[in-house]
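Source file structure-v2.txt; content: compact mmCIF, C-alpha atoms.
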```txt
# COMPACT_ATOMS: atom_id res chain seq x y z
CA MET A 605 27.91 22.38 26.74
CA GLY A 606 25.80 23.10 23.67
CA ASN A 607 22.88 24.91 22.15
CA THR A 608 20.75 22.02 20.97
CA PHE A 609 17.16 22.78 20.10
CA PHE A 610 16.01 19.47 18.57
CA GLY A 611 17.18 16.05 19.67
CA ALA A 612 16.18 12.77 18.06
CA ILE A 613 16.67 9.23 19.29
CA ALA A 614 16.52 6.64 16.49
CA ASP A 615 16.12 2.91 17.01
CA ASP A 616 18.52 1.96 14.21
CA PHE A 617 21.15 3.45 11.95
CA THR A 618 19.28 3.66 8.67
CA GLY A 619 16.33 5.22 10.49
CA ALA A 620 18.66 7.87 11.87
CA THR A 621 20.01 8.75 8.43
CA ASP A 622 16.45 8.79 7.10
CA LEU A 623 15.47 11.37 9.71
CA ALA A 624 18.65 13.37 9.20
CA ALA A 625 17.86 13.49 5.47
CA MET A 626 14.41 14.93 6.12
CA LEU A 627 15.86 17.64 8.35
CA ALA A 628 18.70 18.38 5.92
CA ARG A 629 16.14 18.61 3.09
CA ALA A 630 14.62 21.48 5.06
CA GLY A 631 18.03 23.15 5.22
CA MET A 632 18.78 22.32 8.85
CA PRO A 633 22.27 22.02 10.41
CA VAL A 634 22.17 18.31 11.36
CA THR A 635 24.74 16.27 13.25
CA LEU A 636 24.25 12.51 13.18
CA ARG A 637 25.81 10.60 16.09
CA ILE A 638 26.56 6.91 15.81
CA GLY A 639 25.82 5.44 19.21
CA LEU A 640 25.48 7.28 22.48
CA PRO A 641 27.78 10.34 22.55
CA GLN A 642 30.24 10.33 25.40
CA ASN A 643 30.91 14.05 25.70
CA GLY A 644 31.50 17.18 23.68
CA ASP A 645 29.49 20.13 22.49
CA SER A 646 26.43 19.84 20.31
CA THR A 647 24.73 21.56 17.40
CA ALA A 648 21.18 22.85 17.02
CA PHE A 649 19.85 19.61 15.49
CA GLU A 650 21.20 16.36 16.90
CA VAL A 651 20.20 12.85 15.78
CA ILE A 652 21.46 9.91 17.86
CA ALA A 653 21.51 6.54 16.09
CA LEU A 654 21.09 3.64 18.49
CA LYS A 655 20.81 -0.06 17.65
CA ILE A 656 17.86 -1.00 19.83
CA ARG A 657 15.02 -1.99 17.49
CA THR A 658 15.20 -5.67 18.45
CA ALA A 659 17.11 -5.36 21.72
CA PRO A 660 15.48 -6.61 24.94
CA PRO A 661 13.06 -3.86 26.05
CA GLU A 662 14.94 -3.16 29.27
CA ASP A 663 18.17 -2.59 27.31
CA ALA A 664 16.42 -0.41 24.73
CA ILE A 665 14.86 1.71 27.47
CA ALA A 666 18.19 2.18 29.24
CA GLU A 667 19.96 3.33 26.06
CA ALA A 668 17.13 5.66 25.04
CA ARG A 669 17.04 7.22 28.49
CA ALA A 670 20.81 7.79 28.38
CA ALA A 671 20.44 9.47 24.99
CA LEU A 672 17.65 11.65 26.36
CA ARG A 673 19.82 12.73 29.29
CA TRP A 674 22.66 13.70 26.92
CA LEU A 675 20.31 15.73 24.73
CA ARG A 676 18.55 17.50 27.57
CA ALA A 677 21.88 18.35 29.21
CA ARG A 678 22.66 20.25 26.02
CA GLY A 679 19.42 22.18 26.05
CA ALA A 680 17.18 20.15 23.74
CA ARG A 681 13.62 21.48 23.93
CA ARG A 682 12.02 19.14 21.38
CA ILE A 683 12.57 15.38 21.49
CA PHE A 684 11.76 12.97 18.66
CA TRP A 685 11.55 9.18 19.11
CA LYS A 686 12.26 7.84 15.61
CA TYR A 687 11.20 4.35 14.56
CA CYS A 688 10.47 2.75 11.21
CA SER A 689 7.64 3.87 8.95
CA THR A 690 6.50 0.24 8.87
CA PHE A 691 6.21 0.26 12.68
CA ASP A 692 8.80 -2.54 12.97
CA SER A 693 8.41 -4.00 16.42
CA THR A 694 8.25 -7.27 18.28
CA ALA A 695 5.26 -8.13 20.45
CA ARG A 696 7.03 -6.62 23.49
CA GLY A 697 8.36 -3.50 21.80
CA ASN A 698 10.44 -1.53 21.55
CA ILE A 699 8.30 1.26 20.15
CA GLY A 700 5.89 1.41 23.06
CA PRO A 701 8.22 0.77 26.01
CA VAL A 702 10.69 3.43 24.90
CA ALA A 703 7.91 5.97 24.26
CA ASP A 704 6.49 5.28 27.73
CA ALA A 705 9.90 5.72 29.33
CA LEU A 706 10.60 8.99 27.54
CA MET A 707 7.18 10.32 28.57
CA SER A 708 7.90 9.50 32.20
CA ASP A 709 11.38 11.05 32.16
CA MET A 710 10.07 14.19 30.45
CA ASN A 711 7.01 14.37 32.70
CA VAL A 712 4.57 14.64 29.79
CA ASP A 713 1.12 13.02 29.79
CA ARG A 714 0.65 12.68 26.03
CA THR A 715 2.57 12.09 22.85
CA VAL A 716 1.68 11.40 19.23
CA HIS A 717 2.70 8.59 16.88
CA CYS A 718 2.96 9.27 13.15
CA PRO A 719 4.83 6.59 11.17
CA ALA A 720 3.30 7.68 7.85
CA PHE A 721 5.68 8.44 4.96
CA PRO A 722 3.42 8.96 1.90
CA GLU A 723 6.36 9.73 -0.39
CA ASN A 724 7.58 6.18 0.23
CA GLY A 725 4.12 4.60 0.15
CA ARG A 726 3.52 4.38 3.92
CA ARG A 727 0.08 5.69 4.79
CA VAL A 728 -2.09 5.54 7.91
CA PHE A 729 -5.85 5.52 7.38
CA MET A 730 -8.33 5.06 10.25
CA GLY A 731 -5.43 3.85 12.37
CA ASN A 732 -4.35 1.16 9.90
CA LEU A 733 -0.91 1.24 8.29
CA PHE A 734 -0.57 0.56 4.56
CA VAL A 735 2.60 -0.23 2.61
CA GLY A 736 1.83 0.78 -0.94
CA GLU A 737 -1.67 -0.55 -1.58
CA GLN A 738 -1.36 -3.38 0.94
CA PRO A 739 -2.25 -3.41 4.63
CA LEU A 740 0.91 -3.87 6.70
CA ASP A 741 0.07 -7.48 7.56
CA GLU A 742 -0.36 -8.37 3.87
CA SER A 743 2.79 -6.58 2.71
CA PRO A 744 6.28 -8.15 2.49
CA MET A 745 6.75 -6.99 6.11
CA LYS A 746 4.70 -9.98 7.21
CA ASP A 747 7.79 -12.11 6.44
CA HIS A 748 10.43 -9.87 8.03
CA PRO A 749 12.99 -12.22 9.66
CA LEU A 750 13.25 -10.23 12.91
CA THR A 751 10.04 -8.20 13.20
CA PRO A 752 7.28 -9.92 11.20
CA MET A 753 4.25 -7.62 11.16
CA ARG A 754 0.98 -9.55 11.47
CA ASP A 755 -1.50 -6.72 12.11
CA ALA A 756 -2.16 -3.43 10.33
CA SER A 757 -3.96 -1.75 13.26
CA LEU A 758 -1.53 0.53 15.07
CA VAL A 759 -3.84 0.74 18.08
CA ARG A 760 -3.81 -3.05 18.43
CA LEU A 761 -0.06 -3.20 17.88
CA LEU A 762 0.81 -0.45 20.35
CA SER A 763 -1.68 -1.09 23.15
CA PRO A 764 -0.04 -4.25 24.60
CA GLN A 765 3.34 -2.49 24.65
CA VAL A 766 2.43 0.53 26.79
CA ARG A 767 1.05 1.35 30.23
CA ARG A 768 -0.92 4.38 29.05
CA GLN A 769 -4.09 4.58 26.95
CA VAL A 770 -3.84 4.50 23.15
CA GLY A 771 -6.16 6.72 21.11
CA GLN A 772 -6.25 8.09 17.59
CA VAL A 773 -6.96 11.15 15.48
CA THR A 774 -8.41 9.82 12.26
CA PHE A 775 -8.52 10.99 8.67
CA PRO A 776 -11.77 13.03 8.79
CA THR A 777 -10.38 15.17 11.60
CA VAL A 778 -7.02 15.63 9.87
CA ARG A 779 -8.75 16.82 6.71
CA ARG A 780 -10.62 19.47 8.70
CA GLY A 781 -7.28 21.17 9.36
CA SER A 782 -4.69 21.81 12.04
CA ASP A 783 -7.10 23.55 14.41
CA ALA A 784 -9.35 20.49 14.39
CA VAL A 785 -6.35 18.25 15.09
CA ARG A 786 -5.20 20.51 17.89
CA ASP A 787 -8.66 20.46 19.46
CA ALA A 788 -8.79 16.66 19.21
CA LEU A 789 -5.41 16.37 20.93
CA GLU A 790 -6.52 18.44 23.91
CA ARG A 791 -8.86 15.74 25.16
CA PRO A 792 -7.02 12.41 25.36
CA SER A 793 -3.85 11.64 27.26
CA GLY A 794 -1.42 8.84 26.58
CA HIS A 795 -0.37 7.71 23.09
CA ILE A 796 -2.30 9.09 20.09
CA ILE A 797 -2.05 7.57 16.61
CA LEU A 798 -2.28 10.14 13.78
CA ASP A 799 -3.68 9.36 10.33
CA ALA A 800 -1.84 10.71 7.27
CA VAL A 801 -2.54 9.69 3.67
CA GLU A 802 -0.75 12.40 1.67
CA SER A 803 2.19 14.68 2.33
CA ASP A 804 -0.20 17.62 2.80
CA ASP A 805 -1.64 15.77 5.79
CA LEU A 806 1.81 15.83 7.39
CA THR A 807 1.92 19.60 6.96
CA THR A 808 -1.46 19.85 8.68
CA LEU A 809 -0.34 17.62 11.53
CA ALA A 810 2.97 19.44 11.98
CA ALA A 811 1.16 22.74 12.43
CA ALA A 812 -0.88 21.16 15.22
CA ILE A 813 1.91 19.32 17.07
CA HIS A 814 5.10 21.36 16.54
CA ASP A 815 5.09 22.69 20.10
CA MET A 816 4.73 19.26 21.73
CA PRO A 817 7.80 18.30 23.80
CA LEU A 818 7.81 14.68 22.54
CA ILE A 819 6.85 13.40 19.08
CA CYS A 820 7.13 9.76 18.01
CA GLY A 821 7.09 8.30 14.54
CA GLY A 822 8.76 7.98 11.17
CA SER A 823 10.96 10.60 9.60
CA ALA A 824 8.42 12.23 7.27
CA ILE A 825 6.50 14.08 9.99
CA ALA A 826 9.77 15.78 10.97
CA GLN A 827 10.30 17.49 7.62
CA PRO A 828 7.66 20.25 8.03
CA LEU A 829 8.65 21.01 11.64
CA PRO A 830 11.87 23.05 11.16
CA LEU A 831 10.15 25.73 9.07
CA LEU A 832 7.58 26.20 11.83
CA TRP A 833 10.29 26.44 14.47
CA ARG A 834 12.41 28.78 12.34
CA GLU A 835 9.45 31.07 11.74
CA ALA A 836 8.96 31.20 15.50
CA GLY A 837 12.60 32.29 15.94
CA ALA A 838 13.49 29.20 17.96
CA PHE A 839 17.05 28.87 16.58
CA VAL A 840 19.58 30.48 14.24
CA GLN A 841 20.33 28.51 11.11
CA ALA A 842 23.97 27.76 10.29
CA ALA A 843 25.43 28.23 6.82
CA PRO A 844 26.04 25.06 4.76
CA GLU A 845 29.58 23.77 4.35
CA PRO A 846 31.29 21.95 1.45
CA LEU A 847 31.53 18.18 1.59
CA PRO A 848 34.75 16.21 1.10
CA ARG A 849 35.47 14.21 -2.05
CA PRO A 850 35.83 10.57 -0.98
CA ALA A 851 38.25 8.11 -2.56
CA PRO A 852 36.76 6.74 -5.82
CA GLY A 853 36.70 3.04 -4.89
CA ARG A 854 33.18 1.71 -4.38
CA ILE A 855 31.32 -1.29 -2.99
CA VAL A 856 27.81 -2.35 -1.98
CA LEU A 857 27.36 -4.42 1.20
CA SER A 858 23.85 -5.81 1.57
CA GLY A 859 22.45 -7.68 4.55
CA SER A 860 18.79 -6.72 4.05
CA CYS A 861 16.40 -9.38 2.78
CA SER A 862 13.50 -7.04 2.07
CA ALA A 863 11.60 -7.34 -1.20
CA MET A 864 12.97 -4.06 -2.58
CA THR A 865 16.56 -4.84 -1.63
CA ARG A 866 16.24 -8.22 -3.35
CA ALA A 867 15.17 -6.40 -6.51
CA GLN A 868 18.01 -3.87 -6.14
CA VAL A 869 20.61 -6.61 -5.70
CA GLY A 870 19.26 -8.46 -8.74
CA HIS A 871 19.42 -5.31 -10.86
CA TYR A 872 22.97 -4.49 -9.76
CA LEU A 873 24.22 -8.02 -10.42
CA ASP A 874 23.31 -7.55 -14.08
CA HIS A 875 26.50 -5.50 -14.49
CA ALA A 876 28.45 -5.78 -11.20
CA ALA A 877 30.68 -8.50 -9.79
CA GLY A 878 28.96 -10.23 -6.88
CA TYR A 879 29.72 -12.53 -3.98
CA ARG A 880 26.90 -14.11 -1.95
CA LEU A 881 27.35 -14.77 1.76
CA ASP A 882 25.51 -17.82 3.10
CA PRO A 883 25.11 -18.01 6.90
CA LEU A 884 25.42 -21.80 6.81
CA GLU A 885 28.69 -21.60 4.89
CA LEU A 886 29.97 -18.86 7.20
CA ALA A 887 29.22 -21.12 10.17
CA ARG A 888 31.14 -23.98 8.56
CA GLY A 889 34.06 -22.27 6.91
CA GLY A 890 34.37 -18.72 8.11
CA LEU A 891 35.09 -15.62 6.03
CA ALA A 892 38.40 -16.39 4.36
CA GLU A 893 36.92 -17.12 0.92
CA ALA A 894 34.89 -13.90 0.83
CA ARG A 895 37.88 -11.81 1.94
CA SER A 896 40.04 -13.45 -0.70
CA TRP A 897 37.42 -12.71 -3.37
CA LEU A 898 37.34 -9.05 -2.35
CA GLN A 899 41.12 -8.77 -2.61
CA THR A 900 40.93 -9.80 -6.29
CA GLN A 901 38.53 -6.97 -7.16
CA LYS A 902 39.63 -3.58 -8.43
CA ALA A 903 38.66 -0.74 -6.11
CA ASP A 904 36.74 1.36 -8.63
CA THR A 905 34.77 -1.37 -10.47
CA PRO A 906 31.15 -2.15 -9.53
CA LYS A 907 30.98 -4.89 -6.92
CA ILE A 908 28.56 -6.18 -4.31
CA ILE A 909 28.81 -8.59 -1.41
CA PHE A 910 25.40 -9.66 -0.21
CA ALA A 911 23.54 -11.97 2.14
CA THR A 912 20.24 -10.87 0.61
CA ALA A 913 18.03 -13.92 0.01
CA GLU A 914 14.45 -15.06 -0.41
CA PRO A 915 12.35 -15.65 2.75
CA LYS A 916 12.57 -19.45 2.40
CA SER A 917 16.38 -19.36 2.39
CA VAL A 918 16.42 -17.01 5.38
CA ALA A 919 14.04 -19.28 7.28
CA ALA A 920 16.17 -22.36 6.53
CA ALA A 921 19.31 -20.67 7.86
CA GLN A 922 17.50 -19.47 10.97
CA GLU A 923 16.10 -22.93 11.62
CA ALA A 924 19.57 -24.49 11.38
CA LEU A 925 21.51 -21.83 13.29
CA GLY A 926 18.93 -19.87 15.26
CA ALA A 927 17.80 -16.42 14.18
CA ALA A 928 20.24 -14.54 16.41
CA ARG A 929 23.32 -16.50 15.32
CA ALA A 930 22.39 -16.42 11.63
CA GLY A 931 22.00 -12.65 11.78
CA ALA A 932 25.19 -12.15 13.79
CA LEU A 933 27.25 -14.22 11.34
CA VAL A 934 26.13 -12.04 8.44
CA GLU A 935 26.57 -8.75 10.33
CA ASP A 936 30.05 -9.68 11.55
CA ALA A 937 31.07 -10.81 8.08
CA LEU A 938 29.92 -7.63 6.36
CA ALA A 939 31.52 -5.52 9.08
CA GLN A 940 34.92 -7.14 8.50
CA LEU A 941 34.53 -6.82 4.74
CA ALA A 942 33.80 -3.11 5.18
CA ILE A 943 37.10 -2.75 7.05
CA ASP A 944 38.89 -4.60 4.24
CA ALA A 945 37.20 -2.49 1.58
CA ARG A 946 38.18 0.80 3.17
CA ALA A 947 41.77 -0.43 3.58
CA MET A 948 41.79 -1.17 -0.16
CA GLY A 949 40.86 2.44 -0.95
CA MET A 950 37.12 2.11 -1.30
CA GLY A 951 35.84 5.41 0.01
CA ARG A 952 32.26 5.05 -1.26
CA ILE A 953 30.30 2.37 0.56
CA VAL A 954 26.59 1.63 0.20
CA VAL A 955 25.11 -0.49 3.01
CA ALA A 956 21.63 -2.03 2.75
CA GLY A 957 19.80 -2.96 5.96
CA GLY A 958 19.47 -1.37 9.37
CA GLU A 959 21.23 -4.08 11.37
CA THR A 960 23.99 -4.29 8.77
CA SER A 961 24.45 -0.52 8.81
CA GLY A 962 24.92 -0.61 12.56
CA ALA A 963 27.51 -3.35 12.33
CA VAL A 964 29.43 -1.60 9.53
CA THR A 965 29.54 1.84 11.15
CA ASN A 966 30.65 0.32 14.44
CA ALA A 967 33.38 -1.68 12.70
CA LEU A 968 34.63 1.44 10.89
CA LYS A 969 34.65 3.28 14.24
CA VAL A 970 32.39 6.03 12.91
CA ASP A 971 30.84 8.08 15.70
CA ARG A 972 29.71 11.21 13.85
CA LEU A 973 28.47 11.88 10.32
CA ARG A 974 27.79 14.90 8.16
CA ILE A 975 24.69 14.73 5.99
CA GLY A 976 25.04 15.13 2.24
CA PRO A 977 22.74 14.92 -0.79
CA GLU A 978 19.70 12.65 -0.85
CA ILE A 979 19.90 9.62 -3.14
CA ALA A 980 16.26 8.64 -2.67
CA PRO A 981 13.60 9.86 -0.23
CA GLY A 982 15.01 9.30 3.24
CA VAL A 983 18.44 8.03 2.13
CA PRO A 984 21.29 10.56 2.02
CA TRP A 985 25.00 10.16 1.51
CA CYS A 986 26.76 10.64 4.85
CA PHE A 987 30.41 11.54 5.42
CA ALA A 988 32.66 10.27 8.17
CA GLY A 989 35.51 12.28 9.66
CA ASP A 990 38.08 10.59 7.41
CA GLY A 991 36.08 11.48 4.29
CA THR A 992 34.55 8.03 3.75
CA ALA A 993 31.10 8.32 2.14
CA LEU A 994 28.44 5.99 3.52
CA ALA A 995 24.91 5.46 2.24
CA LEU A 996 22.94 3.59 4.92
CA LYS A 997 19.77 2.32 3.27
CA SER A 998 16.71 0.96 4.99
CA GLY A 999 15.68 -2.32 3.35
CA ASN A 1000 12.57 -1.22 1.45
CA PHE A 1001 13.73 2.29 0.45
CA GLY A 1002 14.84 3.37 -3.01
CA ALA A 1003 14.13 2.28 -6.58
CA GLU A 1004 15.56 -0.84 -8.23
CA THR A 1005 18.38 1.32 -9.62
CA PHE A 1006 19.31 2.63 -6.16
CA PHE A 1007 22.91 1.39 -6.06
CA ASP A 1008 23.74 2.90 -9.46
CA ASP A 1009 21.87 6.08 -8.52
CA ALA A 1010 23.93 6.41 -5.35
CA PHE A 1011 27.31 6.25 -7.04
CA ALA A 1012 26.19 8.47 -9.92
CA LEU A 1013 25.22 11.17 -7.44
CA LEU A 1014 28.70 11.17 -5.90
CA ASP A 1015 30.32 11.21 -9.33
CA ALA A 1016 28.55 14.50 -10.04
CA GLU A 1017 29.74 17.89 -8.84
CA PRO A 1018 30.59 18.23 -5.12
CA ALA A 1019 27.55 19.01 -2.98
CA THR A 1020 27.12 21.17 0.06
CA ALA A 1021 26.51 19.68 3.47
CA ASN A 1022 23.78 20.77 5.81
CA ALA A 1023 25.48 19.02 8.71
CA ALA A 1024 27.89 20.78 10.99
CA PRO A 1025 31.38 19.24 11.21
```
Take the structure in this file and express it as C-alpha cells.
Amino acid sequence: MGNTFFGAIADDFTGATDLAAMLARAGMPVTLRIGLPQNGDSTAFEVIALKIRTAPPEDAIAEARAALRWLRARGARRIFWKYCSTFDSTARGNIGPVADALMSDMNVDRTVHCPAFPENGRRVFMGNLFVGEQPLDESPMKDHPLTPMRDASLVRLLSPQVRRQVGQVTFPTVRRGSDAVRDALERPSGHIILDAVESDDLTTLAAAIHDMPLICGGSAIAQPLPLLWREAGAFVQAAPEPLPRPAPGRIVLSGSCSAMTRAQVGHYLDHAAGYRLDPLELARGGLAEARSWLQTQKADTPKIIFATAEPKSVAAAQEALGAARAGALVEDALAQLAIDARAMGMGRIVVAGGETSGAVTNALKVDRLRIGPEIAPGVPWCFAGDGTALALKSGNFGAETFFDDAFALLDAEPATANAAP
C-alpha cells in the first residue's frame, strides 16, 4: 500500500502547508493531502490536512484517529500532531484531546509539545508562550474570534484538556544540550512542554526527540528531524520534480482577521482593486453583488476580496448573527468566489486564514497538493493536480508585502517541487 515513514496530522489547512514547507525546506519528498485520504498508495512523507481546530472534541478525535489509521496502514513509523504555533485552542481542546487519543491508539506513555517557531516570533520560555515580545494572552491572539487565548502558560492551558499529567523541560535544561533533554524526558510520562527560544534550541530538541513515535507541536520543530532520520538511513530521498506553470490570472481571498493580515490587506489595497465582504450584508442580500464585481475584473490585474476587519466589527457581526453563522457566511462566500475566479482563468490564488483555506480547497475539490517554493517562513506555494497554484496563509504569517511577494515569486523562473506527484 505504501512506504510511508513520516505521517503528520494537521488541525487546519494552513497549518498543514506550514509543516509541509518546513519538510520541503529540508529537501523532503512531501505529499500534502486535503482531508482524509480514501485510498491509494503513499509517499515517504505524508501530511494530512484536516479541519478540526474548532470542531467538537469528539469529532476532532474521530477524524484524527481515522487519519492515524490510514498512515499506520501505510507503514508510518513517526507520527506528528500539528497544531498552531500560537497554541490555538478552545477551553475543551482540541490540542489535548487529540494528543491523548493518539497516545492511546499508539500505546505510548509520553509525548512532547513544542509549538515554538522562533523564526516567526513564537518562543516558549519557562513554559510560557510569547508572540513577538508579548505573552500570548497580551498579544493580538487574545482577541481571536474563534480561539481567544487568555493565558500564556502552556501547562495551565493543556492540563484541563488531557487525562494524563503535564510536565515541562525548561530553558536551562535545553541549553545544557540534547543529552540533558533526553535525560529529563526519561523520567516523566504524559505530556511534556518543551522550551525553545531560538532556532538552535529546536536543533537541540530534535536531536533528543527524533526517535519518539509521537511528537506534537508547531511546524518548526519538524524541520531539523529529516536530516537526523536521513543520516540514520531511515528512508531513501526522492529526486525533485519540476512544477507546473499556472495560468497567469491572480486573486487574493482573505477571511483572516488577524493583526498581520489586516496590515497585509491594507498594504495591498494601496494598488489593488478590492471588494469587502460584510457578514451582515451577506445575510441580507447574498453573494450576487460580489460575484458581479468579480466578473468585471480582468484576470491578471491585482485584486482582493476580503472579509478582514477590526475586532470590533467582527464582534458586532458575531453578536448579530452568532459566531458560527457569521464565519460560515464568509467561508461559503469566499469558497464560491474561488470557484468563479478559477473559471475566469485565475490560476494563482492566495488565501489568508485557516478556516478560509479549508473552505476554498474543499470548494475547488483539491485533495492532493505538491509543495513548491516558500513565500515566507512556513508559507509555500502549493500546486493542485490541474496546475492551479494556491498559497494558503495562516493569519499572522508573512510580512506586510506578503501578497505582492507571493505573486512575484511565481512570476520568476519555474521552481522545482519537493513533493511527489
**OP:** Pick out the closest residue to Arg669 in chain A from this set: A:Leu933, A:Ala695, A:Leu706, A:Ala911. Count only C-alpha atoms.
**Re:** A:Leu706
**OP:** Could you tell me how far CA of Gln901 in chain A lies from CA of Asp1008 in chain A, in Å and to one decimal?
**Re:** 17.9 Å
**OP:** Fewer than 3 positions away in the same chain doesn't count, so skip those; otherwise give me all residues within 10 Å of range 763-780 of chain A, counting all atoms listed in the file, as a PyMOL selection string.
**Re:** chain A and resi 661+693-705+713-717+728-732+758-760+783-789+792-801+804-806+808-809+812
**OP:** Within 8 Å of (10.7, 13.2, 19.5) (coordinates as in the file), grab all the protein and nucleic acid residues, counting all atoms listed in the file, and write them out as a PyMOL selection string.
**Re:** chain A and resi 611-613+682-686+817-821
Residues near range 990-1002 of chain A, anyone? I mean within 6 Å using all atoms listed in the file, not counting same-chain ones fewer than 4 positions away, as a PDB file with C-alpha atoms, in the coordinates of the input.
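out38.pdb, freshly written:
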```
ATOM      1  CA  THR A 618      19.280   3.660   8.670  1.00  0.00           C
ATOM      2  CA  PRO A 848      34.750  16.210   1.100  1.00  0.00           C
ATOM      3  CA  PRO A 850      35.830  10.570  -0.980  1.00  0.00           C
ATOM      4  CA  SER A 860      18.790  -6.720   4.050  1.00  0.00           C
ATOM      5  CA  SER A 862      13.500  -7.040   2.070  1.00  0.00           C
ATOM      6  CA  MET A 864      12.970  -4.060  -2.580  1.00  0.00           C
ATOM      7  CA  THR A 865      16.560  -4.840  -1.630  1.00  0.00           C
ATOM      8  CA  GLY A 951      35.840   5.410   0.010  1.00  0.00           C
ATOM      9  CA  ARG A 952      32.260   5.050  -1.260  1.00  0.00           C
ATOM     10  CA  ILE A 953      30.300   2.370   0.560  1.00  0.00           C
ATOM     11  CA  VAL A 954      26.590   1.630   0.200  1.00  0.00           C
ATOM     12  CA  VAL A 955      25.110  -0.490   3.010  1.00  0.00           C
ATOM     13  CA  ALA A 956      21.630  -2.030   2.750  1.00  0.00           C
ATOM     14  CA  GLY A 957      19.800  -2.960   5.960  1.00  0.00           C
ATOM     15  CA  GLY A 958      19.470  -1.370   9.370  1.00  0.00           C
ATOM     16  CA  SER A 961      24.450  -0.520   8.810  1.00  0.00           C
ATOM     17  CA  ALA A 980      16.260   8.640  -2.670  1.00  0.00           C
ATOM     18  CA  VAL A 983      18.440   8.030   2.130  1.00  0.00           C
ATOM     19  CA  TRP A 985      25.000  10.160   1.510  1.00  0.00           C
ATOM     20  CA  CYS A 986      26.760  10.640   4.850  1.00  0.00           C
ATOM     21  CA  PHE A1006      19.310   2.630  -6.160  1.00  0.00           C
TER      22      PHE A1006
END
```
Original post:
Between A:Leu636, A:Gln642, A:Arg791, A:Pro981, which has the minimum distance to Gly725 in chain A (counting all atoms listed in the file)?
Top reply: A:Pro981
**OP:** Could you check how far CA of Leu1014 in chain A sits from CA of Pro852 in chain A, in Å to one decimal?
**Re:**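 CA of Leu1014 in chain A sits 9.2 Å away from CA of Pro852 in chain A.
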**OP:** Tell me which of A:Pro915, A:Gly639, A:Gly870, A:Pro719 sits closest to Phe691 in chain A, counting only C-alpha atoms.
**Re:** A:Pro719
Original post:
Which distance in Å separates CA of Met950 in chain A and CA of Ala851 in chain A, to one decimal?
Top reply: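 Computing it gives 6.2 Å between the two atoms.
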**OP:** Return the single residue from A:Leu762, A:Val634, A:Ala671, A:Ile825 that is closest to Arg727 in chain A, with distances computed using only C-alpha atoms.
**Re:**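 With only C-alpha atoms as the atom set, the closest residue is A:Ile825.
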Can you patch up range 770-785 of chain A, filling it in to N, CA and C atoms, and show the result as a tab-separated table (two decimals), in the coordinates of the input?
```tsv
chain	number	residue	atom	x	y	z
A	770	VAL	N	-4.16	4.24	24.55
A	770	VAL	CA	-3.84	4.50	23.15
A	770	VAL	C	-5.11	4.99	22.45
A	771	GLY	N	-5.04	6.17	21.86
A	771	GLY	CA	-6.16	6.72	21.11
A	771	GLY	C	-5.74	7.05	19.70
A	772	GLN	N	-6.60	7.75	18.95
A	772	GLN	CA	-6.25	8.09	17.59
A	772	GLN	C	-6.97	9.36	17.13
A	773	VAL	N	-6.34	10.05	16.21
A	773	VAL	CA	-6.96	11.15	15.48
A	773	VAL	C	-7.03	10.69	14.03
A	774	THR	N	-8.23	10.49	13.54
A	774	THR	CA	-8.41	9.82	12.26
A	774	THR	C	-8.54	10.82	11.11
A	775	PHE	N	-8.58	10.25	9.92
A	775	PHE	CA	-8.52	10.99	8.67
A	775	PHE	C	-9.55	12.13	8.56
A	776	PRO	N	-10.82	11.91	8.91
A	776	PRO	CA	-11.77	13.03	8.79
A	776	PRO	C	-11.36	14.25	9.59
A	777	THR	N	-10.83	14.04	10.79
A	777	THR	CA	-10.38	15.17	11.60
A	777	THR	C	-9.18	15.85	10.97
A	778	VAL	N	-8.22	15.06	10.49
A	778	VAL	CA	-7.02	15.63	9.87
A	778	VAL	C	-7.41	16.50	8.69
A	779	ARG	N	-8.36	16.05	7.89
A	779	ARG	CA	-8.75	16.82	6.71
A	779	ARG	C	-9.54	18.09	7.05
A	780	ARG	N	-9.97	18.22	8.29
A	780	ARG	CA	-10.62	19.47	8.70
A	780	ARG	C	-9.59	20.54	9.08
A	781	GLY	N	-8.32	20.17	9.14
A	781	GLY	CA	-7.28	21.17	9.36
A	781	GLY	C	-6.59	21.08	10.71
A	782	SER	N	-5.54	21.88	10.85
A	782	SER	CA	-4.69	21.81	12.04
A	782	SER	C	-5.43	22.22	13.31
A	783	ASP	N	-6.35	23.16	13.20
A	783	ASP	CA	-7.10	23.55	14.41
A	783	ASP	C	-7.95	22.40	14.91
A	784	ALA	N	-8.55	21.65	13.99
A	784	ALA	CA	-9.35	20.49	14.39
A	784	ALA	C	-8.48	19.43	15.03
A	785	VAL	N	-7.28	19.22	14.49
A	785	VAL	CA	-6.35	18.25	15.09
A	785	VAL	C	-5.93	18.71	16.48
```
